[in-house]
file input08.pdb (PDB, C-alpha atoms)
ATOM      1  CA  MET A   1       0.000   0.000   0.000
ATOM      2  CA  THR A   2       1.337   3.400  -0.962
ATOM      3  CA  MET A   3       1.659   6.018   1.740
ATOM      4  CA  TYR A   4       0.293   9.479   1.051
ATOM      5  CA  THR A   5       2.776  12.315   1.473
ATOM      6  CA  LEU A   6       2.376  15.923   2.505
ATOM      7  CA  LYS A   7       2.509  16.874  -1.179
ATOM      8  CA  ASP A   8      -0.927  15.284  -1.469
ATOM      9  CA  ILE A   9      -2.445  18.015   0.739
ATOM     10  CA  THR A  10      -0.432  21.067  -0.361
ATOM     11  CA  ARG A  11      -0.702  23.636  -3.106
ATOM     12  CA  PRO A  12       1.770  23.374  -6.029
ATOM     13  CA  SER A  13       3.927  25.875  -4.124
ATOM     14  CA  GLY A  14       4.402  23.313  -1.338
ATOM     15  CA  GLY A  15       2.382  25.357   1.146
ATOM     16  CA  PHE A  16      -0.780  24.324   2.953
ATOM     17  CA  ALA A  17      -3.994  26.298   2.372
ATOM     18  CA  MET A  18      -6.485  24.014   4.075
ATOM     19  CA  LEU A  19     -10.086  24.602   5.081
ATOM     20  CA  ALA A  20     -11.737  23.200   8.220
ATOM     21  CA  VAL A  21     -15.463  22.456   8.467
ATOM     22  CA  ASP A  22     -15.158  19.844  11.237
ATOM     23  CA  GLN A  23     -16.501  22.065  14.029
ATOM     24  CA  ARG A  24     -19.354  20.306  15.795
ATOM     25  CA  GLU A  25     -21.294  21.639  18.776
ATOM     26  CA  ALA A  26     -19.150  24.790  18.584
ATOM     27  CA  MET A  27     -20.676  25.473  15.169
ATOM     28  CA  ARG A  28     -24.166  24.921  16.566
ATOM     29  CA  LEU A  29     -23.410  27.561  19.191
ATOM     30  CA  MET A  30     -22.188  29.915  16.453
ATOM     31  CA  PHE A  31     -25.490  29.551  14.595
ATOM     32  CA  ALA A  32     -27.424  30.199  17.800
ATOM     33  CA  ALA A  33     -25.318  33.274  18.579
ATOM     34  CA  ALA A  34     -25.970  34.574  15.050
ATOM     35  CA  GLY A  35     -29.732  34.448  15.661
ATOM     36  CA  ALA A  36     -30.520  31.266  13.738
ATOM     37  CA  PRO A  37     -33.885  29.633  14.484
ATOM     38  CA  VAL A  38     -33.835  27.685  17.728
ATOM     39  CA  PRO A  39     -33.226  24.832  18.007
ATOM     40  CA  VAL A  40     -30.323  24.725  15.544
ATOM     41  CA  THR A  41     -30.809  21.276  14.034
ATOM     42  CA  ASP A  42     -28.210  18.808  12.783
ATOM     43  CA  LYS A  43     -29.509  19.558   9.285
ATOM     44  CA  HIS A  44     -28.522  23.221   9.682
ATOM     45  CA  LEU A  45     -24.954  22.131  10.315
ATOM     46  CA  THR A  46     -24.863  19.460   7.617
ATOM     47  CA  ASP A  47     -26.288  21.770   4.952
ATOM     48  CA  PHE A  48     -23.793  24.502   5.788
ATOM     49  CA  LYS A  49     -20.816  22.138   5.773
ATOM     50  CA  VAL A  50     -21.769  20.496   2.467
ATOM     51  CA  ASN A  51     -22.427  23.894   0.912
ATOM     52  CA  ALA A  52     -19.074  25.177   2.149
ATOM     53  CA  ALA A  53     -17.317  22.120   0.748
ATOM     54  CA  LYS A  54     -18.882  22.555  -2.674
ATOM     55  CA  ILE A  55     -18.182  26.287  -2.906
ATOM     56  CA  LEU A  56     -14.840  26.630  -1.100
ATOM     57  CA  SER A  57     -12.949  23.387  -1.782
ATOM     58  CA  PRO A  58     -11.835  24.495  -5.285
ATOM     59  CA  TYR A  59      -9.733  27.150  -3.527
ATOM     60  CA  ALA A  60      -8.263  24.908  -0.795
ATOM     61  CA  SER A  61      -5.459  22.364  -0.966
ATOM     62  CA  ALA A  62      -7.406  20.166   1.477
ATOM     63  CA  ILE A  63     -10.626  20.223   3.474
ATOM     64  CA  LEU A  64     -11.135  18.811   6.974
ATOM     65  CA  VAL A  65     -14.549  17.208   7.580
ATOM     66  CA  ASP A  66     -16.198  15.442  10.510
ATOM     67  CA  GLN A  67     -17.978  12.105  10.644
ATOM     68  CA  GLN A  68     -20.807  13.296  12.861
ATOM     69  CA  PHE A  69     -22.401  15.833  10.517
ATOM     70  CA  CYS A  70     -20.956  15.805   7.022
ATOM     71  CA  TYR A  71     -18.402  13.173   5.982
ATOM     72  CA  ARG A  72     -20.911  10.728   4.515
ATOM     73  CA  GLN A  73     -22.970  13.456   2.816
ATOM     74  CA  ILE A  74     -19.881  15.124   1.342
ATOM     75  CA  VAL A  75     -18.656  11.813  -0.081
ATOM     76  CA  GLU A  76     -22.070  10.859  -1.466
ATOM     77  CA  GLN A  77     -22.588  14.255  -3.090
ATOM     78  CA  GLN A  78     -18.984  14.426  -4.361
ATOM     79  CA  ALA A  79     -18.855  17.857  -2.766
ATOM     80  CA  VAL A  80     -15.059  18.158  -2.673
ATOM     81  CA  ALA A  81     -13.288  19.506  -5.750
ATOM     82  CA  ARG A  82     -10.938  17.047  -7.464
ATOM     83  CA  SER A  83      -8.056  19.453  -6.830
ATOM     84  CA  CYS A  84      -8.703  19.389  -3.064
ATOM     85  CA  ALA A  85      -7.723  16.554  -0.721
ATOM     86  CA  MET A  86     -10.052  15.313   2.015
ATOM     87  CA  ILE A  87      -9.004  15.025   5.665
ATOM     88  CA  VAL A  88     -11.307  13.312   8.169
ATOM     89  CA  ALA A  89     -11.447  14.161  11.873
ATOM     90  CA  ALA A  90     -10.785  11.039  13.951
ATOM     91  CA  ASP A  91     -11.489  12.640  17.309
ATOM     92  CA  GLU A  92     -14.501  12.086  19.546
ATOM     93  CA  PHE A  93     -15.409  15.163  21.561
ATOM     94  CA  ILE A  94     -16.632  14.487  25.091
ATOM     95  CA  PRO A  95     -18.604  17.392  26.638
ATOM     96  CA  GLY A  96     -18.469  18.307  30.302
ATOM     97  CA  ASN A  97     -18.197  21.166  32.765
ATOM     98  CA  GLY A  98     -20.503  23.269  30.603
ATOM     99  CA  ILE A  99     -18.331  23.175  27.473
ATOM    100  CA  PRO A 100     -18.789  21.199  24.230
ATOM    101  CA  VAL A 101     -15.282  19.691  24.321
ATOM    102  CA  ASP A 102     -13.967  18.861  27.780
ATOM    103  CA  SER A 103     -11.899  15.847  26.745
ATOM    104  CA  VAL A 104     -11.030  13.973  23.560
ATOM    105  CA  VAL A 105     -10.445  10.347  22.587
ATOM    106  CA  ILE A 106      -9.796   8.640  19.267
ATOM    107  CA  ASP A 107     -13.172   7.931  17.711
ATOM    108  CA  LYS A 108     -13.745   4.171  17.797
ATOM    109  CA  ASN A 109     -16.072   4.522  14.804
ATOM    110  CA  ILE A 110     -13.352   5.840  12.516
ATOM    111  CA  ASP A 111     -12.708   3.373   9.687
ATOM    112  CA  ALA A 112      -9.354   4.406   8.267
ATOM    113  CA  ARG A 113      -9.596   1.870   5.462
ATOM    114  CA  ALA A 114     -12.967   3.296   4.393
ATOM    115  CA  VAL A 115     -11.609   6.845   4.589
ATOM    116  CA  ARG A 116      -8.859   5.894   2.156
ATOM    117  CA  ARG A 117     -11.348   4.097  -0.087
ATOM    118  CA  ASP A 118     -13.514   7.237  -0.109
ATOM    119  CA  GLY A 119     -10.555   9.321  -1.261
ATOM    120  CA  GLY A 120      -9.345  10.648   2.088
ATOM    121  CA  LYS A 121      -5.636  11.402   2.387
ATOM    122  CA  ALA A 122      -5.268  12.122   6.109
ATOM    123  CA  LEU A 123      -6.830  11.911   9.550
ATOM    124  CA  LYS A 124      -6.755  14.650  12.198
ATOM    125  CA  LEU A 125      -6.723  14.324  15.989
ATOM    126  CA  LEU A 126      -7.450  17.114  18.457
ATOM    127  CA  VAL A 127      -5.286  16.788  21.578
ATOM    128  CA  LEU A 128      -6.321  18.866  24.588
ATOM    129  CA  TRP A 129      -3.233  19.892  26.560
ATOM    130  CA  ARG A 130      -3.482  20.735  30.256
ATOM    131  CA  SER A 131      -0.404  21.123  32.429
ATOM    132  CA  ASP A 132      -1.934  19.075  35.255
ATOM    133  CA  GLU A 133      -2.935  16.062  33.150
ATOM    134  CA  ASP A 134      -0.749  13.043  32.416
ATOM    135  CA  PRO A 135       1.567  13.696  29.453
ATOM    136  CA  GLN A 136       2.102   9.973  29.008
ATOM    137  CA  GLN A 137      -1.586   9.469  28.236
ATOM    138  CA  ARG A 138      -1.425  12.175  25.574
ATOM    139  CA  LEU A 139       1.694  10.690  24.017
ATOM    140  CA  GLU A 140       0.174   7.209  24.005
ATOM    141  CA  MET A 141      -2.989   8.510  22.309
ATOM    142  CA  VAL A 142      -0.947  10.306  19.653
ATOM    143  CA  SER A 143       1.190   7.203  19.117
ATOM    144  CA  ALA A 144      -1.915   5.043  18.632
ATOM    145  CA  PHE A 145      -3.347   7.639  16.253
ATOM    146  CA  ASN A 146      -0.143   7.806  14.210
ATOM    147  CA  GLN A 147      -0.143   4.039  13.897
ATOM    148  CA  LEU A 148      -3.807   4.008  12.812
ATOM    149  CA  CYS A 149      -2.987   6.516  10.074
ATOM    150  CA  HIS A 150       0.264   5.033   8.868
ATOM    151  CA  ASP A 151      -0.989   1.427   8.885
ATOM    152  CA  ASN A 152      -3.581   2.583   6.362
ATOM    153  CA  GLY A 153      -1.320   4.788   4.252
ATOM    154  CA  LEU A 154      -2.869   7.994   5.581
ATOM    155  CA  LEU A 155      -1.190  11.145   6.848
ATOM    156  CA  SER A 156      -1.333  11.952  10.557
ATOM    157  CA  ILE A 157      -2.268  15.511  11.605
ATOM    158  CA  ILE A 158      -2.305  16.375  15.301
ATOM    159  CA  GLU A 159      -3.899  19.513  16.739
ATOM    160  CA  PRO A 160      -2.735  20.269  20.279
ATOM    161  CA  VAL A 161      -4.995  22.927  21.840
ATOM    162  CA  VAL A 162      -4.133  24.264  25.281
ATOM    163  CA  ARG A 163      -6.591  24.601  28.136
ATOM    164  CA  PRO A 164      -6.298  25.935  31.710
ATOM    165  CA  PRO A 165      -5.396  23.301  34.288
ATOM    166  CA  ARG A 166      -8.319  21.544  35.931
ATOM    167  CA  ARG A 167      -7.081  22.425  39.384
ATOM    168  CA  GLY A 168      -6.561  26.007  40.399
ATOM    169  CA  ALA A 169      -3.095  26.889  39.081
ATOM    170  CA  GLY A 170      -2.578  29.993  36.946
ATOM    171  CA  PHE A 171      -2.727  29.717  33.169
ATOM    172  CA  ASP A 172      -0.184  31.244  30.829
ATOM    173  CA  ARG A 173      -1.561  30.436  27.369
ATOM    174  CA  GLU A 174       1.573  31.435  25.490
ATOM    175  CA  GLN A 175       3.846  29.297  27.648
ATOM    176  CA  ALA A 176       1.362  26.419  27.480
ATOM    177  CA  ILE A 177       1.483  26.480  23.659
ATOM    178  CA  ILE A 178       5.268  26.194  23.841
ATOM    179  CA  ASP A 179       5.139  23.451  26.486
ATOM    180  CA  ALA A 180       2.668  21.478  24.355
ATOM    181  CA  ALA A 181       5.001  21.841  21.374
ATOM    182  CA  LYS A 182       7.959  20.609  23.443
ATOM    183  CA  GLU A 183       5.940  17.549  24.421
ATOM    184  CA  LEU A 184       4.197  16.724  21.143
ATOM    185  CA  GLY A 185       6.254  18.456  18.459
ATOM    186  CA  ASP A 186       8.405  15.366  17.887
ATOM    187  CA  SER A 187       5.726  12.718  18.408
ATOM    188  CA  GLY A 188       5.855  11.043  15.007
ATOM    189  CA  ALA A 189       2.910  12.770  13.320
ATOM    190  CA  ASP A 190       3.270  14.185   9.821
ATOM    191  CA  LEU A 191       1.850  17.664  10.477
ATOM    192  CA  TYR A 192       1.332  19.806  13.581
ATOM    193  CA  LYS A 193      -1.661  22.159  13.671
ATOM    194  CA  VAL A 194      -1.167  24.852  16.288
ATOM    195  CA  GLU A 195      -2.866  27.864  17.842
ATOM    196  CA  MET A 196      -1.525  31.225  16.733
ATOM    197  CA  PRO A 197       0.577  32.889  19.443
ATOM    198  CA  LEU A 198      -0.901  36.041  21.009
ATOM    199  CA  PHE A 199      -4.214  35.365  19.208
ATOM    200  CA  GLY A 200      -2.588  37.094  16.231
ATOM    201  CA  LYS A 201      -2.575  40.435  18.084
ATOM    202  CA  GLY A 202       0.306  42.749  18.906
ATOM    203  CA  THR A 203       3.138  44.071  16.799
ATOM    204  CA  GLN A 204       4.574  42.129  13.904
ATOM    205  CA  GLN A 205       7.870  41.912  15.811
ATOM    206  CA  ALA A 206       6.204  40.391  18.886
ATOM    207  CA  LEU A 207       4.250  37.922  16.760
ATOM    208  CA  LEU A 208       7.359  36.917  14.841
ATOM    209  CA  ALA A 209       9.378  36.337  18.010
ATOM    210  CA  ALA A 210       6.591  34.210  19.516
ATOM    211  CA  SER A 211       6.188  32.232  16.279
ATOM    212  CA  GLN A 212       9.945  31.637  16.018
ATOM    213  CA  ARG A 213       9.948  30.300  19.566
ATOM    214  CA  LEU A 214       7.190  27.916  18.550
ATOM    215  CA  ASN A 215       9.085  26.864  15.422
ATOM    216  CA  ASP A 216      12.131  26.033  17.559
ATOM    217  CA  ASN A 217      10.076  23.452  19.454
ATOM    218  CA  ILE A 218       8.251  21.676  16.615
ATOM    219  CA  ALA A 219      10.245  19.000  14.802
ATOM    220  CA  MET A 220       7.808  18.523  11.920
ATOM    221  CA  PRO A 221       6.027  20.781   9.413
ATOM    222  CA  TRP A 222       3.415  22.969  11.102
ATOM    223  CA  VAL A 223       0.412  25.113  10.224
ATOM    224  CA  ILE A 224      -1.717  27.538  12.198
ATOM    225  CA  LEU A 225      -5.414  27.403  12.975
ATOM    226  CA  SER A 226      -7.696  30.431  13.114
ATOM    227  CA  SER A 227      -9.841  29.862  16.206
ATOM    228  CA  GLY A 228      -9.455  32.819  18.533
ATOM    229  CA  VAL A 229      -7.925  35.047  15.840
ATOM    230  CA  ASP A 230      -9.955  37.927  14.391
ATOM    231  CA  ASP A 231     -10.555  37.119  10.724
ATOM    232  CA  LYS A 232      -9.175  40.541   9.771
ATOM    233  CA  LEU A 233      -5.897  39.685  11.532
ATOM    234  CA  PHE A 234      -5.603  36.151  10.213
ATOM    235  CA  PRO A 235      -3.910  36.988   6.867
ATOM    236  CA  ARG A 236      -1.127  38.773   8.752
ATOM    237  CA  ALA A 237      -0.924  35.876  11.192
ATOM    238  CA  VAL A 238      -0.387  33.422   8.327
ATOM    239  CA  SER A 239       2.309  35.627   6.828
ATOM    240  CA  VAL A 240       4.176  36.105  10.111
ATOM    241  CA  ALA A 241       3.905  32.446  11.142
ATOM    242  CA  MET A 242       5.283  31.386   7.772
ATOM    243  CA  GLN A 243       8.116  33.865   8.101
ATOM    244  CA  ALA A 244       8.975  32.060  11.340
ATOM    245  CA  GLY A 245       8.871  28.606   9.761
ATOM    246  CA  ALA A 246       5.215  27.540   9.427
ATOM    247  CA  SER A 247       4.090  26.086   6.109
ATOM    248  CA  GLY A 248       0.559  27.493   5.891
ATOM    249  CA  PHE A 249      -2.788  27.121   7.625
ATOM    250  CA  LEU A 250      -5.679  24.795   8.372
ATOM    251  CA  ALA A 251      -8.503  27.124   9.292
ATOM    252  CA  GLY A 252     -12.268  27.471   9.218
ATOM    253  CA  ARG A 253     -13.566  30.387  11.234
ATOM    254  CA  ALA A 254     -11.348  32.981   9.521
ATOM    255  CA  VAL A 255     -12.901  31.966   6.198
ATOM    256  CA  TRP A 256     -16.586  31.324   6.847
ATOM    257  CA  SER A 257     -17.616  32.453  10.366
ATOM    258  CA  SER A 258     -18.793  35.875   9.154
ATOM    259  CA  VAL A 259     -21.442  34.287   6.916
ATOM    260  CA  ILE A 260     -22.953  32.054   9.627
ATOM    261  CA  GLY A 261     -26.607  32.952  10.041
ATOM    262  CA  LEU A 262     -26.796  35.202   6.966
ATOM    263  CA  PRO A 263     -29.547  34.635   4.387
ATOM    264  CA  ASP A 264     -28.632  32.928   1.105
ATOM    265  CA  THR A 265     -25.631  31.065   2.480
ATOM    266  CA  GLY A 266     -24.413  29.957  -0.943
ATOM    267  CA  LEU A 267     -24.236  33.522  -2.244
ATOM    268  CA  MET A 268     -22.531  34.727   0.937
ATOM    269  CA  LEU A 269     -19.938  31.952   0.778
ATOM    270  CA  ARG A 270     -19.170  32.912  -2.831
ATOM    271  CA  ASP A 271     -19.093  36.663  -2.263
ATOM    272  CA  ILE A 272     -17.413  36.823   1.156
ATOM    273  CA  SER A 273     -15.623  33.556   1.928
ATOM    274  CA  VAL A 274     -14.156  32.690  -1.487
ATOM    275  CA  PRO A 275     -12.132  35.939  -1.732
ATOM    276  CA  LYS A 276     -10.834  35.426   1.829
ATOM    277  CA  LEU A 277      -9.668  31.910   1.035
ATOM    278  CA  GLN A 278      -8.173  32.975  -2.287
ATOM    279  CA  ARG A 279      -6.171  35.724  -0.599
ATOM    280  CA  LEU A 280      -4.932  33.359   2.101
ATOM    281  CA  GLY A 281      -3.803  30.937  -0.598
ATOM    282  CA  GLU A 282      -1.934  33.744  -2.345
ATOM    283  CA  ILE A 283      -0.159  34.623   0.912
ATOM    284  CA  VAL A 284       0.902  31.006   1.343
ATOM    285  CA  ASP A 285       2.305  30.920  -2.198
ATOM    286  CA  GLU A 286       4.074  34.273  -1.753
ATOM    287  CA  MET A 287       5.717  33.129   1.472
ATOM    288  CA  MET A 288       6.755  29.769   0.032
ATOM    289  CA  ALA A 289       8.332  31.530  -2.951
ATOM    290  CA  ARG A 290      10.657  33.401  -0.557
ATOM    291  CA  ARG A 291      12.181  30.169   0.759
TER     292      ARG A 291
END
call {"tool": "encode", "arguments": {"input": "input08.pdb", "output": "structure tokens"}}
result
Amino acid sequence: MTMYTLKDITRPSGGFAMLAVDQREAMRLMFAAAGAPVPVTDKHLTDFKVNAAKILSPYASAILVDQQFCYRQIVEQQAVARSCAMIVAADEFIPGNGIPVDSVVIDKNIDARAVRRDGGKALKLLVLWRSDEDPQQRLEMVSAFNQLCHDNGLLSIIEPVVRPPRRGAGFDREQAIIDAAKELGDSGADLYKVEMPLFGKGTQQALLAASQRLNDNIAMPWVILSSGVDDKLFPRAVSVAMQAGASGFLAGRAVWSSVIGLPDTGLMLRDISVPKLQRLGEIVDEMMARR
């Protein structure tokens, strides 16, 4: 069996311009916050995700989808452009303590062989990182995930996201991102998806220094995500992160969050989200050309 390579999910420039539509209950909350009819049904989410895949995937090097709401529908409707690779989320989100994702495990229902048969090139695993939880458990989960991917010829993408400790200690987000990278940045995955330092705010110099520190602690190619970053700041964040050593982005909210809840979703995705994604792709190509 041939093993997919990172070239299978990049643009011709070698950079990553990847779109995420794998948000689950967080997306439901976004619809509710935007004034969508209550309750926000599963169909609301599925329709939006499939629509986004059809309209935006021609401008992405890969698209990340979830099993719960859209994987099957996207495959059946051939919603992903031929030029765009498909990545499937292999994480099961466990709610608790009033939040949609309190802990994460590898989804037992993920069928890596079927993902490959359906044209998928990679799996993605969210890893919640808390300073007061057992690092060995995280490393063992990532190791099992890497093996699941590689045994089936798929790429392994890990997404460490930091959270405050469960018990009382102070929380320094920026240091936590670095500590997570020190722990997981050489864990055998193919690609590391990471939160943007400083939420993309601050001076370019401060962002660059923080991104370079991150780069020093990740021993594999890495990309940034857009959660927590204002969509107007995200293009600069991509540029600065790539200057520091990142190879692009895997992002959803910076591309499509502003059209959630608007009428005529298809038109809004074409008029608002497509230009955003095109520009981000251009930035990736420009930055790769400088290397």
call {"tool": "atom_distance", "arguments": {"input": "input08.pdb", "atom1": "atom CA of A:Ala189", "atom2": "atom CA of A:Ser61"}}
result
19.1 Å
call {"tool": "residues_around", "arguments": {"input": "input08.pdb", "residues": "A:Arg117", "least_positions_apart": "3", "cutoff": "12 Å", "atoms": "all atoms listed in the file", "output": "MDAnalysis selection string"}}
result
chainID A and resid 75 86 111:114 120:122 152:154
call {"tool": "residues_around", "arguments": {"input": "input08.pdb", "residues": "A:Asp271", "least_positions_apart": "3", "cutoff": "12 Å", "atoms": "all atoms listed in the file", "output": "count of residues only"}}
result
16
call {"tool": "closest_residue", "arguments": {"input": "input08.pdb", "among": "A:Glu76, A:Asn217, A:Phe16, A:Ser257", "to": "A:Arg28", "atoms": "all atoms listed in the file"}}
result
A:Ser257
call {"tool": "resolve_selection", "arguments": {"input": "input08.pdb", "expression": "the PyMOL selection byres ((chain A and resi 250) around 10)", "output": "list in words"}}
result
Phe16, Ala17, Met18, Leu19, Ala20, Ala60, Ser61, Ala62, Ile63, Leu64, Lys193, Val194, Trp222, Val223, Ile224, Leu225, Ser226, Gly248, Phe249, Ala251 and Gly252 of chain A
call {"tool": "residues_near_point", "arguments": {"input": "input08.pdb", "point": "(2.2, 27.1, 8.8)", "cutoff": "12 Å", "atoms": "all atoms listed in the file", "output": "ChimeraX atom specification"}}
result
/A:10,14-18,191-196,211-212,214-215,218,220-226,235,237-251,280-281,283-285,287-288
call {"tool": "atom_distance", "arguments": {"input": "input08.pdb", "atom1": "atom CA of A:Cys149", "atom2": "atom CA of A:Val162"}}
result
23.4 Å
call {"tool": "closest_residue", "arguments": {"input": "input08.pdb", "among": "A:Ser131, A:Asn51, A:Ser103, A:Ser227", "to": "A:Ala169", "atoms": "only C-alpha atoms"}}
result
A:Ser131
call {"tool": "residues_around", "arguments": {"input": "input08.pdb", "residues": "A:Leu139", "least_positions_apart": "3", "cutoff": "8 Å", "atoms": "all atoms listed in the file", "output": "list in words"}}
result
Pro135, Gln136, Val142, Ser143, Leu184 and Ser187 of chain A
call {"tool": "closest_residue", "arguments": {"input": "input08.pdb", "among": "A:Val229, A:Ala219, A:Leu125, A:Val50", "to": "A:Leu198", "atoms": "all atoms listed in the file"}}
result
A:Val229
call {"tool": "atom_distance", "arguments": {"input": "input08.pdb", "atom1": "atom CA of A:Gln67", "atom2": "atom CA of A:Lys108"}}
result
11.5 Å
call {"tool": "closest_residue", "arguments": {"input": "input08.pdb", "among": "A:Asp102, A:Asp8, A:Asp107, A:Asp22", "to": "A:Gly119", "atoms": "all atoms listed in the file"}}
result
A:Asp8
call {"tool": "closest_residue", "arguments": {"input": "input08.pdb", "among": "A:Ile94, A:Arg236, A:Asp230, A:Leu262", "to": "A:Phe31", "atoms": "only C-alpha atoms"}}
result
A:Leu262
call {"tool": "resolve_selection", "arguments": {"input": "input08.pdb", "expression": "the PyMOL selection byres ((chain A and resi 167) around 10)", "output": "CSV table (one decimal) with C-alpha atoms, in the coordinates of the input"}}
result
chain,number,residue,atom,x,y,z
A,130,ARG,CA,-3.5,20.7,30.3
A,131,SER,CA,-0.4,21.1,32.4
A,132,ASP,CA,-1.9,19.1,35.3
A,133,GLU,CA,-2.9,16.1,33.2
A,164,PRO,CA,-6.3,25.9,31.7
A,165,PRO,CA,-5.4,23.3,34.3
A,166,ARG,CA,-8.3,21.5,35.9
A,168,GLY,CA,-6.6,26.0,40.4
A,169,ALA,CA,-3.1,26.9,39.1
A,170,GLY,CA,-2.6,30.0,36.9
call {"tool": "decode", "arguments": {"input": "input08.pdb", "residues": "stretch 87-93 of chain A", "atoms": "all heavy atoms", "output": "JSON list (two decimals), in the first residue's frame"}}
result
[["chain", "number", "residue", "atom", "x", "y", "z"],
["A", 87, "ILE", "N", -9.53, 15.44, 4.37],
["A", 87, "ILE", "CA", -9.00, 15.03, 5.67],
["A", 87, "ILE", "C", -10.21, 14.74, 6.55],
["A", 87, "ILE", "O", -11.18, 15.52, 6.56],
["A", 87, "ILE", "CB", -8.14, 16.14, 6.30],
["A", 87, "ILE", "CG1", -7.00, 16.54, 5.37],
["A", 87, "ILE", "CG2", -7.61, 15.71, 7.66],
["A", 87, "ILE", "CD1", -6.35, 17.87, 5.76],
["A", 88, "VAL", "N", -10.17, 13.67, 7.31],
["A", 88, "VAL", "CA", -11.31, 13.31, 8.17],
["A", 88, "VAL", "C", -10.89, 13.39, 9.63],
["A", 88, "VAL", "O", -9.84, 12.86, 10.02],
["A", 88, "VAL", "CB", -11.85, 11.91, 7.83],
["A", 88, "VAL", "CG1", -13.03, 11.55, 8.74],
["A", 88, "VAL", "CG2", -12.27, 11.85, 6.36],
["A", 89, "ALA", "N", -11.70, 14.07, 10.44],
["A", 89, "ALA", "CA", -11.45, 14.16, 11.87],
["A", 89, "ALA", "C", -11.67, 12.80, 12.52],
["A", 89, "ALA", "O", -12.72, 12.18, 12.31],
["A", 89, "ALA", "CB", -12.36, 15.21, 12.50],
["A", 90, "ALA", "N", -10.70, 12.35, 13.29],
["A", 90, "ALA", "CA", -10.79, 11.04, 13.95],
["A", 90, "ALA", "C", -10.92, 11.19, 15.45],
["A", 90, "ALA", "O", -10.62, 10.27, 16.21],
["A", 90, "ALA", "CB", -9.54, 10.21, 13.61],
["A", 91, "ASP", "N", -11.37, 12.37, 15.88],
["A", 91, "ASP", "CA", -11.49, 12.64, 17.31],
["A", 91, "ASP", "C", -12.95, 12.61, 17.76],
["A", 91, "ASP", "O", -13.83, 13.08, 17.06],
["A", 91, "ASP", "CB", -10.87, 13.99, 17.68],
["A", 91, "ASP", "CG", -11.00, 15.04, 16.58],
["A", 91, "ASP", "OD1", -12.06, 15.09, 15.90],
["A", 91, "ASP", "OD2", -10.06, 15.81, 16.38],
["A", 92, "GLU", "N", -13.18, 12.04, 18.93],
["A", 92, "GLU", "CA", -14.50, 12.09, 19.55],
["A", 92, "GLU", "C", -14.46, 13.11, 20.66],
["A", 92, "GLU", "O", -13.63, 13.03, 21.57],
["A", 92, "GLU", "CB", -14.88, 10.72, 20.11],
["A", 92, "GLU", "CG", -16.26, 10.72, 20.76],
["A", 92, "GLU", "CD", -16.63, 9.38, 21.38],
["A", 92, "GLU", "OE1", -15.89, 8.39, 21.19],
["A", 92, "GLU", "OE2", -17.66, 9.33, 22.08],
["A", 93, "PHE", "N", -15.37, 14.09, 20.57],
["A", 93, "PHE", "CA", -15.41, 15.16, 21.56],
["A", 93, "PHE", "C", -16.34, 14.75, 22.70],
["A", 93, "PHE", "O", -17.49, 14.41, 22.47],
["A", 93, "PHE", "CB", -15.93, 16.46, 20.94],
["A", 93, "PHE", "CG", -15.04, 17.04, 19.87],
["A", 93, "PHE", "CD1", -15.52, 18.06, 19.06],
["A", 93, "PHE", "CD2", -13.76, 16.59, 19.67],
["A", 93, "PHE", "CE1", -14.71, 18.62, 18.07],
["A", 93, "PHE", "CE2", -12.94, 17.13, 18.69],
["A", 93, "PHE", "CZ", -13.41, 18.15, 17.89]]
